>>> print(open('upload27.cif').read())   # mmCIF, C-alpha atoms and all ligand atoms
data_coords
loop_
_atom_site.label_atom_id
_atom_site.label_comp_id
_atom_site.auth_asym_id
_atom_site.auth_seq_id
_atom_site.Cartn_x
_atom_site.Cartn_y
_atom_site.Cartn_z
CA MET A 1 -18.28 -37.26 20.94
CA ARG A 2 -17.98 -33.63 22.17
CA ILE A 3 -20.65 -33.15 24.83
CA LEU A 4 -21.87 -29.92 26.46
CA ILE A 5 -23.95 -30.10 29.65
CA VAL A 6 -26.06 -27.00 30.23
CA GLY A 7 -27.39 -26.37 33.77
CA ILE A 8 -25.03 -27.63 36.48
CA GLY A 9 -27.65 -28.02 39.21
CA ALA A 10 -28.74 -31.23 40.96
CA SER A 11 -29.20 -33.38 37.81
CA GLY A 12 -26.67 -31.74 35.48
CA GLY A 13 -24.03 -31.52 38.22
CA THR A 14 -24.42 -35.20 39.15
CA ILE A 15 -24.15 -36.35 35.54
CA ALA A 16 -21.31 -33.91 34.81
CA THR A 17 -19.23 -35.04 37.78
CA ARG A 18 -19.54 -38.69 36.84
CA ALA A 19 -18.78 -37.91 33.18
CA VAL A 20 -15.66 -35.80 33.87
CA SER A 21 -14.32 -38.25 36.44
CA ALA A 22 -14.78 -41.05 33.89
CA GLY A 23 -12.53 -39.12 31.49
CA MET A 24 -15.22 -38.18 28.97
CA PRO A 25 -14.73 -35.07 26.76
CA ILE A 26 -17.23 -32.80 28.52
CA TRP A 27 -17.79 -29.05 28.60
CA LEU A 28 -20.11 -27.42 31.14
CA ALA A 29 -22.28 -24.32 30.92
CA THR A 30 -23.66 -22.38 33.87
CA ARG A 31 -26.11 -19.46 33.83
CA THR A 32 -23.62 -16.93 35.18
CA GLU A 33 -19.88 -16.32 34.99
CA GLU A 34 -19.85 -16.20 38.78
CA SER A 35 -21.15 -19.80 39.04
CA ALA A 36 -18.64 -20.93 36.41
CA GLY A 37 -15.83 -19.35 38.45
CA VAL A 38 -16.94 -21.19 41.59
CA LEU A 39 -16.96 -24.56 39.80
CA ARG A 40 -13.56 -23.88 38.18
CA SER A 41 -12.01 -23.22 41.58
CA THR A 42 -13.74 -25.93 43.64
CA GLY A 43 -14.26 -28.69 41.05
CA LEU A 44 -17.24 -31.03 41.41
CA ARG A 45 -18.03 -33.85 43.81
CA VAL A 46 -20.89 -36.32 43.87
CA SER A 47 -21.62 -38.81 46.65
CA GLY A 48 -24.44 -41.21 47.46
CA ILE A 49 -25.79 -44.09 45.42
CA GLY A 50 -23.33 -44.99 42.67
CA GLY A 51 -20.38 -44.05 44.88
CA THR A 52 -18.29 -40.93 45.26
CA ALA A 53 -16.79 -39.28 42.19
CA ILE A 54 -14.61 -36.21 41.99
CA ALA A 55 -13.95 -33.95 39.03
CA GLY A 56 -11.03 -31.74 40.02
CA ALA A 57 -10.51 -29.80 36.79
CA VAL A 58 -13.55 -28.93 34.72
CA GLN A 59 -13.99 -27.01 31.47
CA VAL A 60 -16.78 -24.67 32.48
CA ALA A 61 -18.02 -21.28 31.30
CA ALA A 62 -21.18 -19.19 31.44
CA ILE A 63 -23.49 -20.14 28.58
CA GLN A 64 -23.09 -16.75 26.86
CA GLU A 65 -19.36 -17.42 26.54
CA TYR A 66 -19.98 -20.27 24.12
CA ARG A 67 -19.86 -19.29 20.44
CA GLU A 68 -21.03 -20.93 17.25
CA ALA A 69 -17.41 -21.97 16.65
CA ASP A 70 -17.59 -24.22 19.77
CA LYS A 71 -19.49 -26.96 17.99
CA PHE A 72 -20.81 -29.97 19.96
CA ASP A 73 -22.13 -33.35 18.90
CA LEU A 74 -24.47 -33.56 21.87
CA ILE A 75 -25.91 -30.94 24.22
CA LEU A 76 -27.54 -32.30 27.36
CA LEU A 77 -30.02 -29.72 28.58
CA ALA A 78 -30.39 -30.04 32.36
CA THR A 79 -31.95 -26.71 33.39
CA LYS A 80 -35.52 -26.38 34.67
CA ALA A 81 -38.25 -26.40 32.03
CA HIS A 82 -38.74 -22.64 31.49
CA ASP A 83 -35.01 -22.06 31.07
CA ALA A 84 -34.77 -25.05 28.72
CA LEU A 85 -37.36 -23.56 26.34
CA GLU A 86 -35.65 -20.19 26.43
CA MET A 87 -32.16 -21.58 25.79
CA ALA A 88 -32.93 -24.26 23.22
CA PRO A 89 -32.81 -22.19 19.97
CA PHE A 90 -29.39 -20.75 20.90
CA LEU A 91 -28.12 -24.19 21.91
CA ALA A 92 -29.22 -25.65 18.58
CA SER A 93 -26.82 -23.17 16.92
CA LEU A 94 -23.92 -24.71 18.89
CA LEU A 95 -24.44 -28.17 17.35
CA VAL A 96 -22.45 -29.70 14.50
CA PRO A 97 -24.62 -30.64 11.48
CA GLY A 98 -26.49 -33.77 12.57
CA GLY A 99 -25.85 -32.95 16.25
CA THR A 100 -28.40 -33.61 18.98
CA LEU A 101 -30.09 -31.57 21.68
CA LEU A 102 -31.20 -33.80 24.55
CA PRO A 103 -33.59 -32.25 27.12
CA ILE A 104 -34.15 -34.28 30.32
CA GLN A 105 -36.84 -32.21 32.07
CA ASN A 106 -40.03 -33.61 33.56
CA GLY A 107 -43.25 -33.01 31.65
CA SER A 108 -43.73 -31.72 28.15
CA VAL A 109 -40.37 -30.09 27.34
CA SER A 110 -39.16 -32.77 24.89
CA GLU A 111 -42.47 -32.65 23.03
CA ILE A 112 -42.59 -28.83 22.85
CA LEU A 113 -38.97 -28.59 21.71
CA THR A 114 -39.48 -31.26 19.05
CA ASP A 115 -42.45 -29.29 17.72
CA ARG A 116 -40.33 -26.13 17.63
CA LEU A 117 -36.93 -27.39 16.51
CA GLY A 118 -37.63 -30.70 14.78
CA ARG A 119 -35.34 -33.70 14.51
CA VAL A 120 -32.38 -32.06 16.20
CA VAL A 121 -34.18 -32.86 19.48
CA LEU A 122 -33.95 -36.31 21.00
CA GLY A 123 -36.48 -37.14 23.72
CA GLY A 124 -35.09 -37.61 27.20
CA LEU A 125 -36.29 -38.32 30.69
CA SER A 126 -34.43 -38.45 33.99
CA ASN A 127 -35.30 -41.03 36.61
CA LEU A 128 -32.25 -40.00 38.57
CA GLY A 129 -32.92 -38.61 42.05
CA ALA A 130 -30.32 -35.93 42.71
CA THR A 131 -29.82 -32.98 45.04
CA MET A 132 -27.33 -30.13 45.19
CA ALA A 133 -26.06 -29.10 48.65
CA LYS A 134 -24.24 -26.12 47.10
CA PRO A 135 -22.69 -25.48 43.67
CA GLY A 136 -20.18 -28.25 43.01
CA ILE A 137 -21.50 -30.60 45.71
CA TYR A 138 -24.14 -33.13 44.65
CA GLU A 139 -25.79 -36.24 46.01
CA GLN A 140 -27.25 -39.06 43.95
CA ARG A 141 -30.29 -40.31 45.85
CA ASN A 142 -31.29 -43.39 43.85
CA ALA A 143 -29.97 -45.90 41.34
CA GLY A 144 -31.92 -44.06 38.65
CA HIS A 145 -31.13 -43.71 34.98
CA LEU A 146 -31.66 -41.58 31.92
CA LEU A 147 -34.15 -42.83 29.35
CA ILE A 148 -33.82 -41.63 25.76
CA GLY A 149 -35.65 -42.19 22.50
CA GLU A 150 -37.03 -40.61 19.35
CA LEU A 151 -40.26 -38.66 19.98
CA ALA A 152 -41.47 -39.97 16.61
CA GLY A 153 -41.04 -43.51 17.95
CA GLY A 154 -38.72 -46.37 17.04
CA LEU A 155 -35.04 -46.89 17.77
CA GLY A 156 -32.52 -45.37 15.37
CA ASP A 157 -28.73 -45.38 15.21
CA ARG A 158 -28.37 -42.07 16.99
CA VAL A 159 -30.29 -43.35 20.03
CA ALA A 160 -27.90 -46.28 20.41
CA LYS A 161 -24.83 -44.08 19.80
CA ILE A 162 -25.86 -41.45 22.36
CA ALA A 163 -26.88 -44.06 24.94
CA ARG A 164 -23.45 -45.69 24.55
CA ALA A 165 -21.69 -42.35 25.02
CA LEU A 166 -23.71 -41.29 28.08
CA SER A 167 -23.46 -44.70 29.71
CA GLY A 168 -19.83 -43.86 30.49
CA ALA A 169 -21.25 -41.40 33.04
CA ILE A 170 -24.67 -42.64 34.08
CA GLU A 171 -26.88 -45.60 33.23
CA THR A 172 -28.75 -44.69 30.06
CA ARG A 173 -31.62 -46.82 28.74
CA VAL A 174 -33.41 -46.56 25.43
CA THR A 175 -37.05 -46.98 24.51
CA PRO A 176 -38.93 -47.09 21.19
CA ASN A 177 -41.87 -45.43 22.98
CA LEU A 178 -40.31 -42.35 24.57
CA ARG A 179 -43.57 -40.41 24.34
CA GLY A 180 -45.26 -43.18 26.33
CA ALA A 181 -42.50 -43.07 28.94
CA VAL A 182 -42.74 -39.29 29.25
CA TRP A 183 -46.50 -39.59 29.78
CA ALA A 184 -46.15 -42.40 32.33
CA LYS A 185 -44.04 -40.07 34.46
CA LEU A 186 -46.27 -37.08 33.69
CA LEU A 187 -49.33 -38.98 34.96
CA LEU A 188 -47.65 -39.42 38.35
CA ASN A 189 -46.16 -35.92 38.46
CA CYS A 190 -49.61 -34.45 37.72
CA SER A 191 -51.24 -36.36 40.50
CA VAL A 192 -48.85 -37.63 43.20
CA THR A 193 -46.46 -34.65 43.16
CA THR A 194 -48.69 -31.70 42.39
CA ILE A 195 -51.45 -32.68 44.82
CA GLY A 196 -48.88 -33.21 47.59
CA ALA A 197 -47.35 -29.80 46.89
CA ILE A 198 -50.69 -28.01 46.98
CA ALA A 199 -51.78 -29.83 50.14
CA ALA A 200 -48.31 -29.57 51.76
CA GLN A 201 -48.59 -33.30 52.49
CA THR A 202 -47.19 -36.59 51.33
CA MET A 203 -49.41 -38.81 49.19
CA ARG A 204 -49.91 -41.17 52.14
CA GLN A 205 -51.20 -38.23 54.20
CA TYR A 206 -53.58 -36.70 51.66
CA MET A 207 -54.97 -40.07 50.60
CA THR A 208 -56.47 -40.46 54.09
CA SER A 209 -59.03 -37.74 53.24
CA ARG A 210 -62.00 -38.10 50.89
CA ALA A 211 -61.00 -34.85 49.18
CA GLY A 212 -57.48 -36.20 48.57
CA GLN A 213 -58.81 -39.44 47.08
CA GLU A 214 -61.30 -37.61 44.85
CA VAL A 215 -58.79 -35.02 43.62
CA PHE A 216 -56.24 -37.78 42.89
CA ARG A 217 -58.73 -39.87 40.95
CA ARG A 218 -60.02 -36.99 38.86
CA MET A 219 -56.56 -35.51 38.20
CA TYR A 220 -55.12 -38.86 37.07
CA ASP A 221 -58.20 -39.80 35.04
CA GLU A 222 -58.18 -36.52 33.13
CA ALA A 223 -54.46 -36.80 32.35
CA LEU A 224 -54.75 -40.43 31.25
CA SER A 225 -57.74 -39.59 29.04
CA VAL A 226 -55.73 -36.82 27.37
CA ALA A 227 -52.77 -39.19 26.80
CA LEU A 228 -54.94 -41.89 25.24
CA ALA A 229 -56.99 -39.44 23.12
CA SER A 230 -53.80 -37.87 21.76
CA GLY A 231 -52.63 -41.29 20.56
CA THR A 232 -50.06 -41.98 23.29
CA GLN A 233 -49.86 -45.37 24.96
CA PRO A 234 -48.22 -44.64 28.35
CA GLU A 235 -45.48 -47.14 29.23
CA ARG A 236 -45.37 -49.14 32.43
CA MET A 237 -43.14 -47.51 35.03
CA PHE A 238 -43.49 -49.48 38.26
CA VAL A 239 -47.29 -49.75 38.03
CA GLU A 240 -49.47 -50.20 34.98
CA PRO A 241 -50.36 -46.66 33.79
CA ILE A 242 -53.97 -47.71 33.17
CA PRO A 243 -55.66 -48.50 36.50
CA PRO A 244 -57.33 -51.93 36.76
CA GLY A 245 -60.99 -51.83 35.74
CA TRP A 246 -60.52 -48.55 33.82
CA ARG A 247 -63.63 -47.69 31.82
CA GLY A 248 -62.80 -44.18 30.66
CA THR A 249 -62.66 -43.34 34.38
CA SER A 250 -61.15 -45.18 37.36
CA ILE A 251 -63.48 -47.44 39.27
CA PRO A 252 -62.66 -47.37 43.00
CA GLY A 253 -62.77 -50.76 44.70
CA GLY A 254 -60.51 -53.72 45.42
CA ASP A 255 -58.14 -53.78 42.43
CA TYR A 256 -57.98 -49.99 42.13
CA ASP A 257 -57.16 -49.69 45.83
CA LEU A 258 -54.33 -52.22 45.44
CA TRP A 259 -53.00 -50.20 42.48
CA ILE A 260 -53.02 -47.05 44.65
CA GLU A 261 -51.17 -49.00 47.37
CA ARG A 262 -48.46 -49.92 44.85
CA ILE A 263 -47.98 -46.27 43.89
CA MET A 264 -47.85 -45.38 47.56
CA ALA A 265 -45.21 -48.02 48.25
CA SER A 266 -42.84 -46.04 45.98
CA TYR A 267 -44.01 -42.46 46.33
CA GLY A 268 -46.24 -42.34 49.41
CA ASP A 269 -43.73 -40.88 51.84
CA LEU A 270 -41.73 -38.53 49.60
CA LYS A 271 -41.82 -34.79 50.06
CA PRO A 272 -42.94 -33.44 46.66
CA SER A 273 -40.21 -31.51 44.85
CA MET A 274 -42.79 -28.88 43.84
CA LEU A 275 -43.49 -28.24 47.54
CA GLN A 276 -39.79 -27.43 47.95
CA ASP A 277 -40.11 -24.96 45.07
CA PHE A 278 -43.11 -23.32 46.83
CA GLU A 279 -41.20 -23.11 50.11
CA ARG A 280 -38.15 -21.55 48.45
CA GLY A 281 -40.27 -19.07 46.48
CA ARG A 282 -39.06 -20.60 43.20
CA ARG A 283 -41.01 -20.81 39.98
CA THR A 284 -42.46 -24.31 39.55
CA GLU A 285 -42.75 -26.44 36.41
CA ILE A 286 -46.57 -26.57 36.75
CA ASP A 287 -47.12 -25.21 33.20
CA PHE A 288 -45.27 -28.23 31.81
CA ILE A 289 -47.10 -30.73 34.03
CA ASN A 290 -50.79 -30.10 34.83
CA GLY A 291 -50.77 -26.96 32.65
CA TYR A 292 -49.69 -29.02 29.64
CA VAL A 293 -52.42 -31.61 30.29
CA ALA A 294 -55.00 -28.81 30.59
CA GLU A 295 -53.84 -27.13 27.38
CA LEU A 296 -53.67 -30.29 25.30
CA GLY A 297 -56.99 -31.56 26.69
CA SER A 298 -58.72 -28.30 25.76
CA GLN A 299 -57.29 -28.52 22.24
CA ILE A 300 -58.56 -32.06 21.65
CA GLY A 301 -61.85 -31.72 23.52
CA ILE A 302 -61.15 -33.78 26.66
CA PRO A 303 -62.53 -32.35 29.96
CA VAL A 304 -59.62 -31.12 32.09
CA ALA A 305 -61.29 -28.96 34.76
CA MET A 306 -59.27 -30.42 37.63
CA ASN A 307 -55.87 -29.98 35.93
CA ALA A 308 -56.82 -26.44 34.83
CA ALA A 309 -57.97 -25.42 38.34
CA THR A 310 -54.82 -26.97 39.83
CA THR A 311 -52.56 -25.06 37.45
CA GLU A 312 -54.31 -21.82 38.37
CA MET A 313 -54.01 -22.62 42.08
CA ALA A 314 -50.29 -23.40 41.79
CA HIS A 315 -49.74 -20.00 40.18
CA LEU A 316 -51.58 -18.30 43.06
CA ILE A 317 -49.31 -20.11 45.51
CA GLU A 318 -46.21 -19.08 43.52
CA GLN A 319 -47.42 -15.46 43.71
CA GLY A 320 -47.87 -15.77 47.49
CA GLN A 321 -51.62 -15.09 47.30
CA ILE A 322 -52.52 -18.40 49.00
CA GLN A 323 -50.52 -21.03 50.90
CA PRO A 324 -50.20 -24.78 50.38
CA HIS A 325 -52.57 -26.47 52.86
CA PRO A 326 -54.74 -29.64 53.03
CA ALA A 327 -57.85 -27.39 52.75
CA ARG A 328 -56.73 -26.45 49.20
CA LEU A 329 -57.99 -29.87 48.06
CA ASP A 330 -61.55 -28.97 49.13
CA ASP A 331 -61.09 -25.67 47.27
CA LEU A 332 -60.10 -27.61 44.14
CA LEU A 333 -63.26 -29.75 44.31
CA LEU A 334 -65.35 -26.59 44.65
CA ALA A 335 -63.50 -24.90 41.77
CA SER A 336 -64.00 -27.81 39.39
CA PRO A 337 -67.44 -29.33 40.02
CA ARG A 338 -68.36 -32.30 37.89
N1 LIG A 401 -33.27 -33.35 40.69
C1 LIG A 401 -33.93 -34.46 40.45
O1 LIG A 401 -33.88 -35.43 41.24
C2 LIG A 401 -34.75 -34.61 39.19
C3 LIG A 401 -35.34 -35.86 38.91
C4 LIG A 401 -36.06 -36.01 37.74
C5 LIG A 401 -36.21 -34.94 36.87
N2 LIG A 401 -35.64 -33.74 37.16
C6 LIG A 401 -35.83 -32.65 36.21
O2 LIG A 401 -34.55 -32.20 35.75
C7 LIG A 401 -34.60 -30.79 35.50
C8 LIG A 401 -33.48 -30.12 36.28
O3 LIG A 401 -33.75 -30.31 37.66
P1 LIG A 401 -32.67 -30.03 38.79
O4 LIG A 401 -33.24 -30.57 40.05
O5 LIG A 401 -31.33 -30.45 38.33
O6 LIG A 401 -32.74 -28.41 38.83
P2 LIG A 401 -31.74 -27.40 39.51
O7 LIG A 401 -30.98 -28.05 40.62
O8 LIG A 401 -32.51 -26.15 39.75
O9 LIG A 401 -30.66 -27.13 38.34
C9 LIG A 401 -30.92 -26.32 37.22
C10 LIG A 401 -29.64 -25.59 36.91
O10 LIG A 401 -29.80 -24.92 35.66
C11 LIG A 401 -29.12 -23.67 35.77
N3 LIG A 401 -29.57 -22.77 34.74
C12 LIG A 401 -30.70 -22.02 34.67
N4 LIG A 401 -30.73 -21.28 33.55
C13 LIG A 401 -29.58 -21.56 32.89
C14 LIG A 401 -29.02 -21.10 31.68
N5 LIG A 401 -29.66 -20.21 30.92
N6 LIG A 401 -27.82 -21.57 31.29
C15 LIG A 401 -27.14 -22.47 32.05
N7 LIG A 401 -27.62 -22.95 33.22
C16 LIG A 401 -28.83 -22.50 33.63
C17 LIG A 401 -29.46 -23.21 37.18
O11 LIG A 401 -28.57 -22.18 37.57
P3 LIG A 401 -29.09 -21.01 38.59
O12 LIG A 401 -29.32 -21.70 39.90
O13 LIG A 401 -27.97 -20.07 38.56
O14 LIG A 401 -30.35 -20.46 37.98
C18 LIG A 401 -29.28 -24.52 37.95
O15 LIG A 401 -27.93 -24.70 38.32
C19 LIG A 401 -36.01 -30.33 35.92
O16 LIG A 401 -36.83 -30.24 34.81
C20 LIG A 401 -36.50 -31.44 36.83
O17 LIG A 401 -37.91 -31.57 36.79
C21 LIG A 401 -34.91 -33.55 38.30
#
>>> encode(input="upload27.cif", output="structure tokens")
Amino acid sequence: MRILIVGIGASGGTIATRAVSAGMPIWLATRTEESAGVLRSTGLRVSGIGGTAIAGAVQVAAIQEYREADKFDLILLATKAHDALEMAPFLASLLVPGGTLLPIQNGSVSEILTDRLGRVVLGGLSNLGATMAKPGIYEQRNAGHLLIGELAGGLGDRVAKIARALSGAIETRVTPNLRGAVWAKLLLNCSVTTIGAIAAQTMRQYMTSRAGQEVFRRMYDEALSVALASGTQPERMFVEPIPPGWRGTSIPGGDYDLWIERIMASYGDLKPSMLQDFERGRRTEIDFINGYVAELGSQIGIPVAMNAATTEMAHLIEQGQIQPHPARLDDLLLASPR
């Protein structure tokens, strides 16, 4: 299987290094010729969980150097969400007939691309924690995996074939309910990650305030209501996606508090990746996280005031008009009264 990996950042670089060092037939695509040149001269190295792997010689070029003659069976799309949407139509032209485009971004990218490009897209999700110290040098931070499946549901031959191929590089699991898995992660990204980024705090810190608890509950409840109303049954990640005692809204109290504790045991002390984007002045993926929930909720008539206000606030932070701060959570409650 000829495989092209597009976007050699933290995730793509980690997967690419393990794939090349395992002897898989892999081509890599960077955004610029300059980045491709760096990787050609230095090679790639990943350390951390899963052990060290080195890819000395890599076949890498800037994406615009690839032509329709360079056909691939599988293109793994590992850029950020905005770039993925922009690149996808061109990448589809690089596939052999029956080839597959596999996006692994957080949020709604797989769903949007499937709507736009159809069956050529296979749904993907990355539970791999990875960082890039500099181009060519990556660290795998957890024993995570890729999860793939058909957005339409079920498990077909191509899912098994692609999982087998990718497993040579990185653990790849399959699910007949990829949409449910995407939403399970989206529910936590919408709440745990985005709220922490806006407040410039970890979940454990912001959950000590009443505003933090209220914003979390309303953000999660809205997103879950949108998932359920759109016909998606979120899959279990490490907690049940539907809080105990759920009656269309979460009911705070004993079992709910224990459920929050379980989320906090995994995520409570992590610095949100979106906060790092704010700090580095980088565009966030908010439009594909809370923005997607707000858009879909509006279309199907589910109240999404908290996710809409949060999306707007994240854009103001990106533009430098306001700063992440715990007081932003009070602002959110004022901006989206019940
Ligand atoms: N890292 C994680 O632990 C993790 C975990 C779960 C999910 N994810 C998801 O995985 C996706 C990728 O995240 P990441 O952390 O790997 O991001 P990242 O480190 O920023 O890597 C993205 C890479 O894509 C490149 N790129 C941008 N436009 C391109 C183009 N047109 N052609 C080729 N390459 C292009 C970027 O190059 P330039 O720097 O030159 O723009 C960068 O090297 C995100 O959606 C993220 O939410 C990441």
>>> closest_residue(input="upload27.cif", among="A:Leu178, A:Glu68, A:His82, A:Ile198", to="A:Leu122", atoms="only C-alpha atoms")
A:Leu178
>>> closest_residue(input="upload27.cif", among="A:Ile260, A:Ala130, A:Ile137, A:Ala10", to="A:Arg45", atoms="only C-alpha atoms")
A:Ile137
>>> axis_aligned_box(input="upload27.cif", around="stretch 117-131 of chain A", padding_each_side="3 Å", output="AutoDock Vina command-line options")
--center_x -33.7 --center_y -34.2 --center_z 29.8 --size_x 13.8 --size_y 19.6 --size_z 36.5
>>> atom_distance(input="upload27.cif", atom1="atom CA of A:Ala143", atom2="atom CA of A:Ile49")
6.1 Å
>>> residues_near_ligand(input="upload27.cif", ligand="ligand LIG 401 (chain A)", cutoff="8 Å", atoms="only C-alpha atoms and all ligand atoms", output="short mmCIF file (atom, residue, chain, number, x, y, z; two decimals) with C-alpha atoms, keeping the file's coordinate frame")
data_model
loop_
_atom_site.label_atom_id
_atom_site.label_comp_id
_atom_site.auth_asym_id
_atom_site.auth_seq_id
_atom_site.Cartn_x
_atom_site.Cartn_y
_atom_site.Cartn_z
CA VAL A 6 -26.06 -27.00 30.23
CA GLY A 7 -27.39 -26.37 33.77
CA ILE A 8 -25.03 -27.63 36.48
CA GLY A 9 -27.65 -28.02 39.21
CA ALA A 10 -28.74 -31.23 40.96
CA SER A 11 -29.20 -33.38 37.81
CA GLY A 12 -26.67 -31.74 35.48
CA GLY A 13 -24.03 -31.52 38.22
CA ALA A 29 -22.28 -24.32 30.92
CA THR A 30 -23.66 -22.38 33.87
CA ARG A 31 -26.11 -19.46 33.83
CA THR A 32 -23.62 -16.93 35.18
CA SER A 35 -21.15 -19.80 39.04
CA ALA A 62 -21.18 -19.19 31.44
CA ILE A 63 -23.49 -20.14 28.58
CA ALA A 78 -30.39 -30.04 32.36
CA THR A 79 -31.95 -26.71 33.39
CA LYS A 80 -35.52 -26.38 34.67
CA ALA A 81 -38.25 -26.40 32.03
CA ASP A 83 -35.01 -22.06 31.07
CA ALA A 84 -34.77 -25.05 28.72
CA GLU A 86 -35.65 -20.19 26.43
CA MET A 87 -32.16 -21.58 25.79
CA ILE A 104 -34.15 -34.28 30.32
CA GLN A 105 -36.84 -32.21 32.07
CA ASN A 106 -40.03 -33.61 33.56
CA GLY A 107 -43.25 -33.01 31.65
CA LEU A 125 -36.29 -38.32 30.69
CA SER A 126 -34.43 -38.45 33.99
CA ASN A 127 -35.30 -41.03 36.61
CA LEU A 128 -32.25 -40.00 38.57
CA GLY A 129 -32.92 -38.61 42.05
CA ALA A 130 -30.32 -35.93 42.71
CA THR A 131 -29.82 -32.98 45.04
CA MET A 132 -27.33 -30.13 45.19
CA PRO A 135 -22.69 -25.48 43.67
CA ARG A 141 -30.29 -40.31 45.85
CA GLU A 285 -42.75 -26.44 36.41
#
>>> closest_atom_pairs(input="upload27.cif", of="stretch 101-218 of chain A", to="stretch 243-259 of chain A", cutoff="12 Å", atoms="all atoms listed in the file", output="JSON lines")
{"residue": "A:Leu187", "atom": "CA", "partner": "A:Pro243", "partner_atom": "CA", "distance": 11.5}
{"residue": "A:Met207", "atom": "CA", "partner": "A:Asp257", "partner_atom": "CA", "distance": 11.0}
{"residue": "A:Gln213", "atom": "CA", "partner": "A:Pro252", "partner_atom": "CA", "distance": 9.7}
{"residue": "A:Glu214", "atom": "CA", "partner": "A:Pro252", "partner_atom": "CA", "distance": 10.0}
{"residue": "A:Phe216", "atom": "CA", "partner": "A:Ser250", "partner_atom": "CA", "distance": 10.5}
{"residue": "A:Arg217", "atom": "CA", "partner": "A:Ser250", "partner_atom": "CA", "distance": 6.9}
{"residue": "A:Arg218", "atom": "CA", "partner": "A:Thr249", "partner_atom": "CA", "distance": 8.2}
>>> closest_residue(input="upload27.cif", among="A:Met203, A:Val38, A:Ile112, A:Leu334", to="A:Asn189", atoms="all atoms listed in the file")
A:Met203
>>> atom_distance(input="upload27.cif", atom1="atom CA of A:Gly149", atom2="atom CA of A:Arg173")
8.8 Å
>>> closest_residue(input="upload27.cif", among="A:Ser266, A:Ser47, A:Thr172, A:Thr17", to="A:Glu139", atoms="all atoms listed in the file")
A:Ser47
>>> closest_residue(input="upload27.cif", among="A:Gly156, A:Gly56, A:Gly23, A:Pro234", to="A:Ala184", atoms="only C-alpha atoms")
A:Pro234
>>> closest_residue(input="upload27.cif", among="A:Val46, A:Val226, A:Leu117, A:Ile75", to="A:Leu166", atoms="only C-alpha atoms")
A:Ile75
>>> residues_around(input="upload27.cif", residues="A:Gly301", least_positions_apart="2", cutoff="12 Å", atoms="all atoms listed in the file", output="PyMOL selection string")
chain A and resi 222+225-226+229-230+293-299+303-305
>>> atom_distance(input="upload27.cif", atom1="atom CA of A:Tyr267", atom2="atom CA of A:Val109")
23.0 Å
>>> residues_around(input="upload27.cif", residues="A:Ser110", least_positions_apart="6", cutoff="9 Å", atoms="all atoms listed in the file", output="MDAnalysis selection string")
chainID A and resid 102:104 121:125 151 179 182
>>> write_last_selection(input="upload27.cif", atoms="C-alpha atoms", output="compact mmCIF listing (two decimals), keeping the file's coordinate frame")
# COMPACT_ATOMS: atom_id res chain seq x y z
CA LEU A 102 -31.20 -33.80 24.55
CA PRO A 103 -33.59 -32.25 27.12
CA ILE A 104 -34.15 -34.28 30.32
CA VAL A 121 -34.18 -32.86 19.48
CA LEU A 122 -33.95 -36.31 21.00
CA GLY A 123 -36.48 -37.14 23.72
CA GLY A 124 -35.09 -37.61 27.20
CA LEU A 125 -36.29 -38.32 30.69
CA LEU A 151 -40.26 -38.66 19.98
CA ARG A 179 -43.57 -40.41 24.34
CA VAL A 182 -42.74 -39.29 29.25
>>> residues_near_point(input="upload27.cif", point="(-50.7, -22.3, 35.4)", cutoff="6 Å", atoms="all atoms listed in the file", output="compact mmCIF listing (two decimals) with C-alpha atoms, keeping the file's coordinate frame")
# COMPACT_ATOMS: atom_id res chain seq x y z
CA ASP A 287 -47.12 -25.21 33.20
CA GLY A 291 -50.77 -26.96 32.65
CA THR A 311 -52.56 -25.06 37.45
CA GLU A 312 -54.31 -21.82 38.37
CA HIS A 315 -49.74 -20.00 40.18
>>> closest_atom_pairs(input="upload27.cif", of="stretch 119-236 of chain A", to="stretch 94-99 of chain A", cutoff="12 Å", atoms="all atoms listed in the file", output="JSON lines")
{"residue": "A:Arg119", "atom": "CA", "partner": "A:Gly98", "partner_atom": "CA", "distance": 9.1}
{"residue": "A:Val120", "atom": "CA", "partner": "A:Gly99", "partner_atom": "CA", "distance": 6.6}
{"residue": "A:Val121", "atom": "CA", "partner": "A:Gly99", "partner_atom": "CA", "distance": 8.9}
{"residue": "A:Leu122", "atom": "CA", "partner": "A:Gly99", "partner_atom": "CA", "distance": 10.0}
{"residue": "A:Arg158", "atom": "CA", "partner": "A:Gly99", "partner_atom": "CA", "distance": 9.5}
{"residue": "A:Val159", "atom": "CA", "partner": "A:Gly99", "partner_atom": "CA", "distance": 11.9}
{"residue": "A:Lys161", "atom": "CA", "partner": "A:Gly99", "partner_atom": "CA", "distance": 11.7}
{"residue": "A:Ile162", "atom": "CA", "partner": "A:Gly99", "partner_atom": "CA", "distance": 10.5}
>>> residues_near_point(input="upload27.cif", point="(-50.1, -31.9, 51.2)", cutoff="10 Å", atoms="only C-alpha atoms", output="number ranges by chain")
A: 192-207, 212, 271-272, 275, 324-329
